[in-house]
Amino acid sequence: MLGLMQDYPLLVQTIIDHAALNHAEREMVTRSIEGPIRRCTYRDLRTRALRVAKALRHEGVGIGDRIATMAWNTDRHVEVWYGIMGIGAICHTLNPRLFAEQLLYIINHAEDRILFVDLTFVPIVEALAGKLPSINKYIILTDDTHMPDTTLPNAIAYESWLAAHDADFAWASFDENTAAGLCYTSGTTGDPKGVLYSHRSNVLHGLVGNQPDVFGLTSKHVVLPIVPMFHANAWALAFSAPAAGACMVMPGAGMDGKSVYELLDAEKVSASAAVPTVWLGLLQYLEENNLKLPYLDKVVIGGAACPRMMMETLEKDYGVEVIHAWGMTEMSPIGTTGKLKYSSENLPYEEKIDLKLKQGRAPYLVEMKITNDEGDDLPRDGKTSGHLLVRGPSISSAYFKHDANILDEDGWFDTGDIANIDALGYMQITDRDKDVIKSGGEWISSIEIENTAVGCDGVAEAAVIGIPHPKWTERPLLIIVRKPGSDVSTEDILAYLDGKIASWWMPDAVEFIDEIPHTATGKIQKMALREQFGGYKF
Ligand code: AMP
């Protein structure tokens, strides 16, 4: 027997409708790319999102069309995002930090039709435009006054494009499983993979983000999403904040300590979220200028492991609660958050920090388990490490235009992380199965560096592993086995790599060893190498 409740599809446009009706006066504050601070309300934002939707419809955009954005966190980005999704088109957020070949691959693979681009990124797009046949319009997120001279074909200033359309428009209505967003991850081997979010997954994930032990946003919060919208939905904040009626402060292009501090202070921000590298920049700025954070209540730090010093300094010296979070693009991205449970409230401070430094526990709607190589479940004893598998309604079931099955027969997705889970449910990452390195929140492909390095004269074999780094979390170390009789040097190898890989992928050091350990199937044993180079310092 079916229940007798309304069939109310979970569509993301209902979030902005809700905010515009029930938190109409609540502000979104943006540090604009042009410079000045800009303010609008949720009511204004919805009106402009409807105009975007109407203008897109006028361009012939409909259900399933991919519309790309290469933009910072701004009010314009949010209205474009809701405008695209609200007609059943797919908002494809592009990460401008990827290098040219990756961007070309991604845009062409997605077959994006229109690209909305911030002023900052116009030069990046200009360099690619000749090789992007699917894009027939470039909309530059500015007004006519600030419109740059550009070689982009069919380019128009966003405000002029929008001016031709009013808000007399109704959102489209469709199935809640309709695709809403697309975000490619390069945190896998091979070409970047497209993670295709649905309206249902986004709405549910927005609610996951608002659970009290996750972001726990309320209408009283002023939230600064520093984590970009192109990093997996700004960790749900572009959905969770309007759903809660929290004020959003959008940082635009300013991620440095000074810019972040200015917004935290001037806008009395109470909650924020970013990768460790950003917090490091802020802490340095605070210390150099002898500043405090009187308004900031809590921050979520994730995307890479939160260092102990960072957590302790923010908590002890600045009175800011730190919530460590783990997740991934394929998980929308929230996987775990590390708020303490009632049972830990009376622990000594050091033990509390030990617990909070673990990657955290799963909120409702994320299931998590660890298994051994044979796929058997491992105990939750806080000691046994295994493959970390996840399941839930906001977790990928496949990649866009890829046939490969990415779930096991029971529907679990292997995260590629190696972890243990303790009896309280806290998960701790102990290693990584996937062959990538995370530097400043962005991925470096170790395999690509290895494949390039073996082309250098005198190199027999190459392996790259990530070494902990105080600023960037991890940096690549290149390990080389020389060919017999060769005396190829660090300088020779780095000179060879120069220009063949992205400059920020350049290994920080090269080490020479006699033999690289291999698995039975001939693959490099990265875990053994990581053990061998445990404690390595650049
Ligand atoms: P991405 O898809 O780019 O968000 O990357 C997801 C991956 O980043 C995870 O599978 C982890 O390997 C890593 N990661 C994310 N958050 C953390 C964290 N708090 N601690 C350690 N690694 C993390």
# chains A, B, ... in the order shown; residues from 1 in each chain; ligands from 1
call {"tool": "residues_near_ligand", "arguments": {"ligand": "ligand 1", "cutoff": "6 Å", "atoms": "only C-alpha atoms and all ligand atoms", "output": "VMD selection string"}}
result
chain A and resid 185 187 302 to 305 325 to 329 359 415 417
call {"tool": "residues_around", "arguments": {"residues": "Val222 (chain A)", "least_positions_apart": "3", "cutoff": "8 Å", "atoms": "only C-alpha atoms", "output": "NGL selection string"}}
result
:A and (246-249 or 267-271)
call {"tool": "write_last_selection", "arguments": {"atoms": "N, CA and C atoms", "output": "PDB file, in the first residue's frame"}}
result
ATOM      1  N   ALA A 246      19.929  31.803   5.843  1.00  0.00           N
ATOM      2  CA  ALA A 246      21.164  32.423   6.341  1.00  0.00           C
ATOM      3  C   ALA A 246      21.639  33.466   5.338  1.00  0.00           C
ATOM      4  N   CYS A 247      22.244  34.516   5.852  1.00  0.00           N
ATOM      5  CA  CYS A 247      22.832  35.535   4.968  1.00  0.00           C
ATOM      6  C   CYS A 247      24.084  34.932   4.332  1.00  0.00           C
ATOM      7  N   MET A 248      24.250  35.138   3.034  1.00  0.00           N
ATOM      8  CA  MET A 248      25.455  34.631   2.365  1.00  0.00           C
ATOM      9  C   MET A 248      26.385  35.789   2.038  1.00  0.00           C
ATOM     10  N   VAL A 249      27.661  35.603   2.345  1.00  0.00           N
ATOM     11  CA  VAL A 249      28.672  36.598   1.986  1.00  0.00           C
ATOM     12  C   VAL A 249      29.579  35.920   0.963  1.00  0.00           C
ATOM     13  N   GLU A 267      31.385  42.106   7.653  1.00  0.00           N
ATOM     14  CA  GLU A 267      30.036  41.542   7.517  1.00  0.00           C
ATOM     15  C   GLU A 267      29.630  40.718   8.737  1.00  0.00           C
ATOM     16  N   LYS A 268      30.480  40.699   9.762  1.00  0.00           N
ATOM     17  CA  LYS A 268      30.192  39.942  10.985  1.00  0.00           C
ATOM     18  C   LYS A 268      29.810  38.488  10.672  1.00  0.00           C
ATOM     19  N   VAL A 269      30.674  37.857   9.910  1.00  0.00           N
ATOM     20  CA  VAL A 269      30.420  36.476   9.478  1.00  0.00           C
ATOM     21  C   VAL A 269      30.490  35.542  10.682  1.00  0.00           C
ATOM     22  N   SER A 270      29.509  34.623  10.802  1.00  0.00           N
ATOM     23  CA  SER A 270      29.508  33.700  11.938  1.00  0.00           C
ATOM     24  C   SER A 270      29.918  32.278  11.571  1.00  0.00           C
ATOM     25  N   ALA A 271      29.850  31.927  10.279  1.00  0.00           N
ATOM     26  CA  ALA A 271      30.223  30.568   9.873  1.00  0.00           C
ATOM     27  C   ALA A 271      30.909  30.626   8.511  1.00  0.00           C
TER      28      ALA A 271
END
call {"tool": "closest_atom_pairs", "arguments": {"of": "region 390-435 of chain A", "to": "region 168-181 of chain A", "cutoff": "12 Å", "atoms": "only C-alpha atoms", "output": "JSON lines"}}
result
{"residue": "A:Pro393", "atom": "CA", "partner": "A:Asn177", "partner_atom": "CA", "distance": 10.7}
{"residue": "A:Ser394", "atom": "CA", "partner": "A:Asn177", "partner_atom": "CA", "distance": 11.2}
{"residue": "A:Ser396", "atom": "CA", "partner": "A:Ala179", "partner_atom": "CA", "distance": 11.9}
{"residue": "A:Phe400", "atom": "CA", "partner": "A:Ala179", "partner_atom": "CA", "distance": 10.5}
call {"tool": "write_last_selection", "arguments": {"atoms": "C-alpha atoms", "output": "mmCIF file, in the first residue's frame"}}
result
data_model
loop_
_atom_site.group_PDB
_atom_site.id
_atom_site.type_symbol
_atom_site.label_atom_id
_atom_site.label_comp_id
_atom_site.auth_asym_id
_atom_site.auth_seq_id
_atom_site.Cartn_x
_atom_site.Cartn_y
_atom_site.Cartn_z
ATOM 1 C CA PRO A 393 21.072 9.379 -2.224
ATOM 2 C CA SER A 394 23.641 12.132 -2.942
ATOM 3 C CA SER A 396 27.262 9.045 -7.724
ATOM 4 C CA PHE A 400 28.642 11.194 -17.219
#
call {"tool": "select_by_dssp", "arguments": {"residues": "region 72-302 of chain A", "states": "strand (DSSP E)", "output": "PyMOL selection string"}}
result
chain A and resi 90-93+114-117+137-140+155-157+179-185+193-198+222-225+247-250+271-274+298-302
call {"tool": "write_last_selection", "arguments": {"atoms": "N, CA and C atoms", "output": "tab-separated table (two decimals), in the first residue's frame"}}
result
chain	number	residue	atom	x	y	z
A	90	ILE	N	21.51	21.93	-17.25
A	90	ILE	CA	22.51	21.43	-16.30
A	90	ILE	C	23.60	22.46	-16.12
A	91	CYS	N	23.81	22.86	-14.89
A	91	CYS	CA	24.84	23.87	-14.59
A	91	CYS	C	26.18	23.15	-14.44
A	92	HIS	N	27.05	23.39	-15.41
A	92	HIS	CA	28.36	22.74	-15.40
A	92	HIS	C	29.39	23.72	-14.87
A	93	THR	N	29.78	23.56	-13.62
A	93	THR	CA	30.76	24.47	-13.01
A	93	THR	C	32.17	24.03	-13.39
A	114	ILE	N	26.63	27.16	-23.76
A	114	ILE	CA	26.88	28.56	-23.43
A	114	ILE	C	27.87	28.56	-22.28
A	115	LEU	N	28.74	29.57	-22.25
A	115	LEU	CA	29.67	29.66	-21.13
A	115	LEU	C	29.55	31.04	-20.48
A	116	PHE	N	29.19	31.04	-19.19
A	116	PHE	CA	29.18	32.26	-18.39
A	116	PHE	C	30.57	32.37	-17.76
A	117	VAL	N	31.23	33.51	-17.95
A	117	VAL	CA	32.60	33.59	-17.46
A	117	VAL	C	32.86	34.91	-16.73
A	137	LYS	N	27.90	30.81	-27.42
A	137	LYS	CA	27.80	32.15	-26.83
A	137	LYS	C	28.64	32.22	-25.56
A	138	TYR	N	29.33	33.36	-25.41
A	138	TYR	CA	30.11	33.61	-24.20
A	138	TYR	C	29.47	34.79	-23.48
A	139	ILE	N	29.00	34.57	-22.28
A	139	ILE	CA	28.36	35.64	-21.52
A	139	ILE	C	29.30	36.05	-20.40
A	140	ILE	N	29.78	37.28	-20.47
A	140	ILE	CA	30.78	37.74	-19.51
A	140	ILE	C	30.07	38.39	-18.33
A	155	ALA	N	30.41	37.27	-27.91
A	155	ALA	CA	30.48	37.58	-26.48
A	155	ALA	C	29.54	38.74	-26.16
A	156	ILE	N	28.95	38.69	-24.98
A	156	ILE	CA	28.04	39.76	-24.56
A	156	ILE	C	28.19	39.96	-23.05
A	157	ALA	N	27.97	41.20	-22.62
A	157	ALA	CA	28.01	41.46	-21.17
A	157	ALA	C	26.72	40.92	-20.56
A	179	ALA	N	18.76	15.73	-14.21
A	179	ALA	CA	20.10	16.24	-13.90
A	179	ALA	C	20.05	17.74	-13.66
A	180	ALA	N	20.84	18.22	-12.69
A	180	ALA	CA	20.84	19.64	-12.35
A	180	ALA	C	22.24	20.25	-12.47
A	181	GLY	N	23.25	19.48	-12.08
A	181	GLY	CA	24.60	20.04	-12.05
A	181	GLY	C	25.62	19.03	-12.53
A	182	LEU	N	26.73	19.55	-13.04
A	182	LEU	CA	27.80	18.70	-13.54
A	182	LEU	C	29.12	19.26	-13.04
A	183	CYS	N	29.94	18.38	-12.47
A	183	CYS	CA	31.22	18.84	-11.96
A	183	CYS	C	32.23	17.72	-12.22
A	184	TYR	N	33.29	18.04	-12.95
A	184	TYR	CA	34.28	17.01	-13.27
A	184	TYR	C	35.29	16.91	-12.14
A	185	THR	N	35.67	15.68	-11.85
A	185	THR	CA	36.71	15.47	-10.85
A	185	THR	C	37.97	14.95	-11.54
A	193	LYS	N	36.48	12.93	-14.76
A	193	LYS	CA	35.18	12.24	-14.85
A	193	LYS	C	34.08	13.20	-14.41
A	194	GLY	N	32.96	13.17	-15.15
A	194	GLY	CA	31.86	14.09	-14.86
A	194	GLY	C	30.91	13.50	-13.82
A	195	VAL	N	30.74	14.22	-12.72
A	195	VAL	CA	29.78	13.82	-11.69
A	195	VAL	C	28.50	14.59	-11.96
A	196	LEU	N	27.41	13.87	-12.16
A	196	LEU	CA	26.16	14.49	-12.62
A	196	LEU	C	25.13	14.47	-11.49
A	197	TYR	N	24.97	15.62	-10.84
A	197	TYR	CA	24.03	15.71	-9.72
A	197	TYR	C	22.61	15.84	-10.24
A	198	SER	N	21.65	15.37	-9.47
A	198	SER	CA	20.24	15.54	-9.85
A	198	SER	C	19.59	16.56	-8.91
A	222	VAL	N	25.41	34.18	9.41
A	222	VAL	CA	25.97	34.88	8.25
A	222	VAL	C	27.11	33.98	7.78
A	223	VAL	N	26.97	33.42	6.61
A	223	VAL	CA	27.92	32.39	6.19
A	223	VAL	C	28.76	32.87	5.01
A	224	LEU	N	30.04	32.60	5.11
A	224	LEU	CA	30.99	32.96	4.05
A	224	LEU	C	31.47	31.67	3.38
A	225	PRO	N	30.88	31.30	2.25
A	225	PRO	CA	31.37	30.10	1.56
A	225	PRO	C	32.62	30.46	0.77
A	247	CYS	N	22.24	34.52	5.85
A	247	CYS	CA	22.83	35.53	4.97
A	247	CYS	C	24.08	34.93	4.33
A	248	MET	N	24.25	35.14	3.03
A	248	MET	CA	25.46	34.63	2.37
A	248	MET	C	26.39	35.79	2.04
A	249	VAL	N	27.66	35.60	2.34
A	249	VAL	CA	28.67	36.60	1.99
A	249	VAL	C	29.58	35.92	0.96
A	250	MET	N	29.59	36.46	-0.24
A	250	MET	CA	30.31	35.79	-1.32
A	250	MET	C	31.65	36.49	-1.57
A	271	ALA	N	29.85	31.93	10.28
A	271	ALA	CA	30.22	30.57	9.87
A	271	ALA	C	30.91	30.63	8.51
A	272	SER	N	31.86	29.72	8.31
A	272	SER	CA	32.55	29.72	7.03
A	272	SER	C	33.08	28.32	6.72
A	273	ALA	N	33.55	28.13	5.49
A	273	ALA	CA	34.04	26.82	5.08
A	273	ALA	C	35.10	26.99	4.00
A	274	ALA	N	36.21	26.27	4.17
A	274	ALA	CA	37.28	26.33	3.16
A	274	ALA	C	38.29	25.22	3.40
A	298	LYS	N	32.02	29.42	13.95
A	298	LYS	CA	32.49	28.08	13.56
A	298	LYS	C	32.98	28.07	12.12
A	299	VAL	N	33.94	27.19	11.86
A	299	VAL	CA	34.41	27.01	10.49
A	299	VAL	C	34.47	25.52	10.18
A	300	VAL	N	34.17	25.21	8.93
A	300	VAL	CA	34.31	23.84	8.47
A	300	VAL	C	35.58	23.79	7.63
A	301	ILE	N	36.47	22.86	7.99
A	301	ILE	CA	37.73	22.71	7.27
A	301	ILE	C	37.75	21.32	6.67
A	302	GLY	N	37.91	21.25	5.36
A	302	GLY	CA	37.90	19.93	4.73
A	302	GLY	C	38.53	20.00	3.35
call {"tool": "atom_distance", "arguments": {"atom1": "CA of Lys54 (chain A)", "atom2": "CA of Leu152 (chain A)"}}
result
23.6 Å
call {"tool": "residues_around", "arguments": {"residues": "Arg48 (chain A)", "least_positions_apart": "5", "cutoff": "12 Å", "atoms": "only C-alpha atoms", "output": "list of chain:residue names"}}
result
A:Ile16, A:Ala20, A:Cys40, A:Thr41, A:Tyr42, A:Arg43, A:Ala53, A:Lys54, A:Ala55, A:Asp75, A:Arg76, A:His77, A:Val78, A:Glu79, A:Val80, A:Trp81, A:Tyr82, A:Gly83, A:Ile84, A:Tyr158, A:Glu159, A:Trp161, A:Leu162, A:Ala163, A:His165, A:Asp166, A:Ala167, A:Asp168, A:Phe169
call {"tool": "write_last_selection", "arguments": {"atoms": "C-alpha atoms", "output": "PDB file, in the first residue's frame"}}
result
ATOM      1  CA  ILE A  16      15.255  29.848  -3.900  1.00  0.00           C
ATOM      2  CA  ALA A  20      12.548  34.640  -1.539  1.00  0.00           C
ATOM      3  CA  CYS A  40      20.986  42.101  -2.881  1.00  0.00           C
ATOM      4  CA  THR A  41      18.254  40.167  -1.066  1.00  0.00           C
ATOM      5  CA  TYR A  42      16.946  36.665  -1.615  1.00  0.00           C
ATOM      6  CA  ARG A  43      13.890  38.297  -3.186  1.00  0.00           C
ATOM      7  CA  ALA A  53      15.914  31.292 -16.882  1.00  0.00           C
ATOM      8  CA  LYS A  54      13.743  33.293 -19.284  1.00  0.00           C
ATOM      9  CA  ALA A  55      16.771  34.562 -21.211  1.00  0.00           C
ATOM     10  CA  ASP A  75      25.611  36.736  -6.441  1.00  0.00           C
ATOM     11  CA  ARG A  76      25.684  36.548 -10.238  1.00  0.00           C
ATOM     12  CA  HIS A  77      27.030  33.013 -10.124  1.00  0.00           C
ATOM     13  CA  VAL A  78      24.233  31.977  -7.755  1.00  0.00           C
ATOM     14  CA  GLU A  79      21.468  33.527  -9.866  1.00  0.00           C
ATOM     15  CA  VAL A  80      22.877  31.929 -13.022  1.00  0.00           C
ATOM     16  CA  TRP A  81      23.116  28.589 -11.215  1.00  0.00           C
ATOM     17  CA  TYR A  82      19.447  28.673 -10.137  1.00  0.00           C
ATOM     18  CA  GLY A  83      18.364  30.081 -13.509  1.00  0.00           C
ATOM     19  CA  ILE A  84      20.002  27.204 -15.379  1.00  0.00           C
ATOM     20  CA  TYR A 158      25.768  39.593 -18.744  1.00  0.00           C
ATOM     21  CA  GLU A 159      23.786  42.662 -17.665  1.00  0.00           C
ATOM     22  CA  TRP A 161      21.989  40.010 -22.060  1.00  0.00           C
ATOM     23  CA  LEU A 162      19.718  39.998 -19.011  1.00  0.00           C
ATOM     24  CA  ALA A 163      18.283  43.476 -19.663  1.00  0.00           C
ATOM     25  CA  HIS A 165      14.184  39.884 -20.203  1.00  0.00           C
ATOM     26  CA  ASP A 166      11.883  40.471 -17.255  1.00  0.00           C
ATOM     27  CA  ALA A 167      11.012  38.024 -14.489  1.00  0.00           C
ATOM     28  CA  ASP A 168       7.578  37.157 -15.838  1.00  0.00           C
ATOM     29  CA  PHE A 169       8.430  33.503 -16.089  1.00  0.00           C
TER      30      PHE A 169
END
call {"tool": "atom_distance", "arguments": {"atom1": "CA of Ser486 (chain A)", "atom2": "CA of Gly458 (chain A)"}}
result
5.2 Å
call {"tool": "atom_distance", "arguments": {"atom1": "CA of Ala234 (chain A)", "atom2": "CA of Gly335 (chain A)"}}
result
13.7 Å
call {"tool": "residues_around", "arguments": {"residues": "Leu357 (chain A)", "least_positions_apart": "6", "cutoff": "7 Å", "atoms": "only C-alpha atoms", "output": "tab-separated table (two decimals) with N, CA and C atoms, in the first residue's frame"}}
result
chain	number	residue	atom	x	y	z
A	306	CYS	N	42.87	18.47	8.11
A	306	CYS	CA	43.08	19.69	8.89
A	306	CYS	C	44.26	19.45	9.84
A	308	ARG	N	46.70	19.73	13.08
A	308	ARG	CA	46.41	19.94	14.50
A	308	ARG	C	46.61	21.40	14.92
A	324	HIS	N	35.98	19.50	11.39
A	324	HIS	CA	36.74	18.86	10.32
A	324	HIS	C	35.77	18.08	9.45
call {"tool": "residues_around", "arguments": {"residues": "region 381-383 of chain A", "least_positions_apart": "3", "cutoff": "12 Å", "atoms": "only C-alpha atoms", "output": "MDAnalysis selection string"}}
result
chainID A and resid 355 358 369:370 378 386 418:430
call {"tool": "write_last_selection", "arguments": {"atoms": "all heavy atoms", "output": "compact mmCIF listing (two decimals), in the first residue's frame"}}
result
# COMPACT_ATOMS: atom_id res chain seq x y z
N LEU A 355 40.08 13.43 18.71
CA LEU A 355 38.86 12.91 18.10
C LEU A 355 38.40 13.82 16.96
O LEU A 355 38.05 13.36 15.87
CB LEU A 355 37.78 12.84 19.18
CG LEU A 355 36.65 11.84 19.02
CD1 LEU A 355 37.19 10.45 18.70
CD2 LEU A 355 35.82 11.78 20.31
N LYS A 358 40.11 13.44 13.57
CA LYS A 358 39.69 12.38 12.65
C LYS A 358 38.79 13.03 11.60
O LYS A 358 38.31 14.15 11.79
CB LYS A 358 38.94 11.29 13.42
CG LYS A 358 39.82 10.55 14.42
CD LYS A 358 39.10 9.34 14.98
CE LYS A 358 40.01 8.56 15.92
NZ LYS A 358 39.47 7.23 16.21
N LYS A 369 31.34 2.26 5.24
CA LYS A 369 31.92 1.05 5.84
C LYS A 369 33.32 0.85 5.30
O LYS A 369 33.71 1.47 4.30
CB LYS A 369 31.05 -0.17 5.55
CG LYS A 369 31.04 -0.62 4.09
CD LYS A 369 30.35 -1.98 3.96
CE LYS A 369 30.36 -2.48 2.52
NZ LYS A 369 29.77 -3.81 2.38
N ILE A 370 34.09 -0.01 5.96
CA ILE A 370 35.42 -0.34 5.44
C ILE A 370 35.49 -1.84 5.17
O ILE A 370 34.87 -2.65 5.87
CB ILE A 370 36.56 0.09 6.40
CG1 ILE A 370 36.26 -0.31 7.86
CG2 ILE A 370 36.81 1.58 6.31
CD1 ILE A 370 37.43 -0.13 8.78
N LEU A 378 35.07 -4.92 7.56
CA LEU A 378 36.05 -4.90 8.65
C LEU A 378 35.40 -4.27 9.89
O LEU A 378 34.45 -3.50 9.77
CB LEU A 378 37.28 -4.10 8.22
CG LEU A 378 38.11 -4.74 7.10
CD1 LEU A 378 39.21 -3.80 6.63
CD2 LEU A 378 38.73 -6.07 7.57
N GLY A 386 40.93 -0.15 6.11
CA GLY A 386 40.50 -0.83 4.88
C GLY A 386 39.98 0.16 3.87
O GLY A 386 40.04 1.39 4.09
N ILE A 418 41.73 5.05 2.19
CA ILE A 418 41.92 3.94 3.13
C ILE A 418 41.71 4.52 4.53
O ILE A 418 42.28 5.57 4.85
CB ILE A 418 43.35 3.37 3.02
CG1 ILE A 418 43.66 2.98 1.57
CG2 ILE A 418 43.56 2.19 3.97
CD1 ILE A 418 42.89 1.81 1.03
N ALA A 419 40.88 3.87 5.31
CA ALA A 419 40.49 4.47 6.58
C ALA A 419 40.15 3.43 7.62
O ALA A 419 39.94 2.26 7.30
CB ALA A 419 39.27 5.36 6.36
N ASN A 420 40.10 3.86 8.89
CA ASN A 420 39.48 3.04 9.92
C ASN A 420 38.27 3.79 10.46
O ASN A 420 38.13 5.01 10.24
CB ASN A 420 40.48 2.70 11.03
CG ASN A 420 40.97 3.93 11.78
OD1 ASN A 420 40.17 4.70 12.30
ND2 ASN A 420 42.28 4.13 11.81
N ILE A 421 37.39 3.05 11.11
CA ILE A 421 36.21 3.66 11.73
C ILE A 421 36.19 3.17 13.17
O ILE A 421 36.40 1.97 13.42
CB ILE A 421 34.90 3.24 11.01
CG1 ILE A 421 34.97 3.59 9.52
CG2 ILE A 421 33.69 3.90 11.67
CD1 ILE A 421 33.76 3.17 8.70
N ASP A 422 35.98 4.07 14.14
CA ASP A 422 35.99 3.62 15.53
C ASP A 422 34.58 3.31 16.02
O ASP A 422 33.59 3.49 15.29
CB ASP A 422 36.73 4.63 16.45
CG ASP A 422 36.00 5.95 16.56
OD1 ASP A 422 34.78 6.00 16.29
OD2 ASP A 422 36.65 6.96 16.92
N ALA A 423 34.51 2.83 17.25
CA ALA A 423 33.23 2.36 17.77
C ALA A 423 32.20 3.49 17.87
O ALA A 423 30.99 3.26 17.86
CB ALA A 423 33.45 1.72 19.14
N LEU A 424 32.69 4.74 17.97
CA LEU A 424 31.76 5.88 18.04
C LEU A 424 31.30 6.31 16.65
O LEU A 424 30.46 7.19 16.53
CB LEU A 424 32.45 7.08 18.72
CG LEU A 424 32.80 6.94 20.20
CD1 LEU A 424 33.63 8.13 20.65
CD2 LEU A 424 31.52 6.83 21.03
N GLY A 425 31.92 5.72 15.61
CA GLY A 425 31.52 6.06 14.24
C GLY A 425 32.44 7.07 13.57
O GLY A 425 32.20 7.47 12.43
N TYR A 426 33.52 7.49 14.27
CA TYR A 426 34.45 8.46 13.66
C TYR A 426 35.36 7.73 12.67
O TYR A 426 35.97 6.72 13.02
CB TYR A 426 35.30 9.15 14.71
CG TYR A 426 34.53 10.16 15.52
CD1 TYR A 426 33.79 9.75 16.63
CD2 TYR A 426 34.52 11.50 15.19
CE1 TYR A 426 33.06 10.66 17.37
CE2 TYR A 426 33.81 12.42 15.92
CZ TYR A 426 33.07 12.00 17.01
OH TYR A 426 32.35 12.91 17.75
N MET A 427 35.46 8.29 11.50
CA MET A 427 36.31 7.72 10.46
C MET A 427 37.63 8.49 10.42
O MET A 427 37.65 9.71 10.60
CB MET A 427 35.58 7.82 9.11
CG MET A 427 36.31 7.26 7.93
SD MET A 427 37.41 8.45 7.15
CE MET A 427 36.25 9.54 6.35
N GLN A 428 38.71 7.75 10.19
CA GLN A 428 40.01 8.39 10.10
C GLN A 428 40.72 7.88 8.86
O GLN A 428 40.90 6.67 8.70
CB GLN A 428 40.84 8.06 11.34
CG GLN A 428 42.19 8.72 11.35
CD GLN A 428 42.91 8.50 12.66
OE1 GLN A 428 42.70 7.48 13.34
NE2 GLN A 428 43.77 9.43 13.03
N ILE A 429 41.12 8.79 8.00
CA ILE A 429 41.82 8.37 6.78
C ILE A 429 43.27 8.06 7.15
O ILE A 429 43.93 8.85 7.82
CB ILE A 429 41.76 9.48 5.72
CG1 ILE A 429 40.30 9.62 5.27
CG2 ILE A 429 42.67 9.17 4.54
CD1 ILE A 429 40.08 10.47 4.09
N THR A 430 43.73 6.90 6.71
CA THR A 430 45.10 6.51 7.02
C THR A 430 45.98 6.47 5.78
O THR A 430 47.20 6.52 5.88
CB THR A 430 45.14 5.13 7.71
OG1 THR A 430 44.43 4.21 6.88
CG2 THR A 430 44.48 5.19 9.08
call {"tool": "closest_residue", "arguments": {"among": "A:Val488, A:Asp118, A:Pro153, A:Glu101", "to": "Gly130 (chain A)", "atoms": "only C-alpha atoms"}}
result
A:Pro153
call {"tool": "select_by_dssp", "arguments": {"residues": "region 141-337 of chain A", "states": "alpha helix (DSSP H)", "output": "PyMOL selection string"}}
result
chain A and resi 158-163+199-209+237-244+257-266+276-289+308-312
call {"tool": "residues_around", "arguments": {"residues": "region 532-534 of chain A", "least_positions_apart": "3", "cutoff": "10 Å", "atoms": "only C-alpha atoms", "output": "compact mmCIF listing (two decimals) with N, CA, C and O atoms, in the first residue's frame"}}
result
# COMPACT_ATOMS: atom_id res chain seq x y z
N ILE A 465 55.01 10.27 -5.13
CA ILE A 465 54.13 10.18 -3.96
C ILE A 465 53.96 11.57 -3.35
O ILE A 465 54.79 12.46 -3.57
N GLY A 466 52.90 11.74 -2.59
CA GLY A 466 52.65 13.02 -1.92
C GLY A 466 53.35 13.03 -0.56
O GLY A 466 53.32 12.05 0.17
N ILE A 467 54.01 14.14 -0.27
CA ILE A 467 54.69 14.31 1.03
C ILE A 467 53.97 15.45 1.76
O ILE A 467 53.70 16.48 1.15
N PRO A 468 53.65 15.25 3.05
CA PRO A 468 52.97 16.32 3.78
C PRO A 468 53.73 17.65 3.69
O PRO A 468 54.95 17.67 3.75
N LEU A 477 56.77 14.27 -4.47
CA LEU A 477 58.18 13.84 -4.43
C LEU A 477 58.34 12.83 -5.57
O LEU A 477 57.57 11.88 -5.67
N ILE A 479 60.42 9.92 -7.26
CA ILE A 479 61.41 8.89 -6.90
C ILE A 479 61.85 8.19 -8.18
O ILE A 479 61.01 7.76 -8.98
N GLU A 511 64.31 12.03 -5.55
CA GLU A 511 65.16 11.11 -4.79
C GLU A 511 65.49 9.91 -5.68
O GLU A 511 64.65 9.48 -6.47
N LYS A 526 52.61 2.00 -4.06
CA LYS A 526 52.72 3.35 -3.51
C LYS A 526 52.72 3.34 -1.99
O LYS A 526 53.39 4.14 -1.35
N MET A 527 51.92 2.44 -1.43
CA MET A 527 51.84 2.43 0.03
C MET A 527 53.20 2.08 0.64
O MET A 527 53.61 2.66 1.64
N ALA A 528 53.91 1.13 0.01
CA ALA A 528 55.24 0.75 0.51
C ALA A 528 56.19 1.93 0.37
O ALA A 528 57.00 2.20 1.27
N LEU A 529 56.10 2.64 -0.75
CA LEU A 529 56.96 3.81 -0.94
C LEU A 529 56.67 4.89 0.10
O LEU A 529 57.57 5.53 0.63
N LYS A 537 61.28 15.06 4.66
CA LYS A 537 61.11 16.53 4.66
C LYS A 537 61.75 17.11 3.42
O LYS A 537 62.85 16.71 3.05
call {"tool": "closest_residue", "arguments": {"among": "A:Thr277, A:Thr313, A:Asn154, A:Ser32", "to": "Met255 (chain A)", "atoms": "only C-alpha atoms"}}
result
A:Thr277
call {"tool": "residues_around", "arguments": {"residues": "Gln284 (chain A)", "least_positions_apart": "3", "cutoff": "12 Å", "atoms": "only C-alpha atoms", "output": "count of residues only"}}
result
20
call {"tool": "closest_residue", "arguments": {"among": "A:Gly416, A:Pro348, A:Pro133, A:Pro251", "to": "Lys434 (chain A)", "atoms": "only C-alpha atoms"}}
result
A:Gly416
call {"tool": "closest_residue", "arguments": {"among": "A:Glu350, A:Glu442, A:Glu330, A:Asp65", "to": "Thr473 (chain A)", "atoms": "only C-alpha atoms"}}
result
A:Glu442
call {"tool": "closest_residue", "arguments": {"among": "A:Asp492, A:Asp508, A:Glu515, A:Glu448", "to": "Thr189 (chain A)", "atoms": "only C-alpha atoms"}}
result
A:Glu448
call {"tool": "decode", "arguments": {"residues": "region 230-234 of chain A", "atoms": "C-alpha atoms", "output": "CSV table (one decimal), in the first residue's frame"}}
result
chain,number,residue,atom,x,y,z
A,230,PHE,CA,33.1,24.9,-8.7
A,231,HIS,CA,34.4,22.6,-5.9
A,232,ALA,CA,31.4,20.3,-5.6
A,233,ASN,CA,28.5,22.8,-5.0
A,234,ALA,CA,30.5,24.9,-2.5
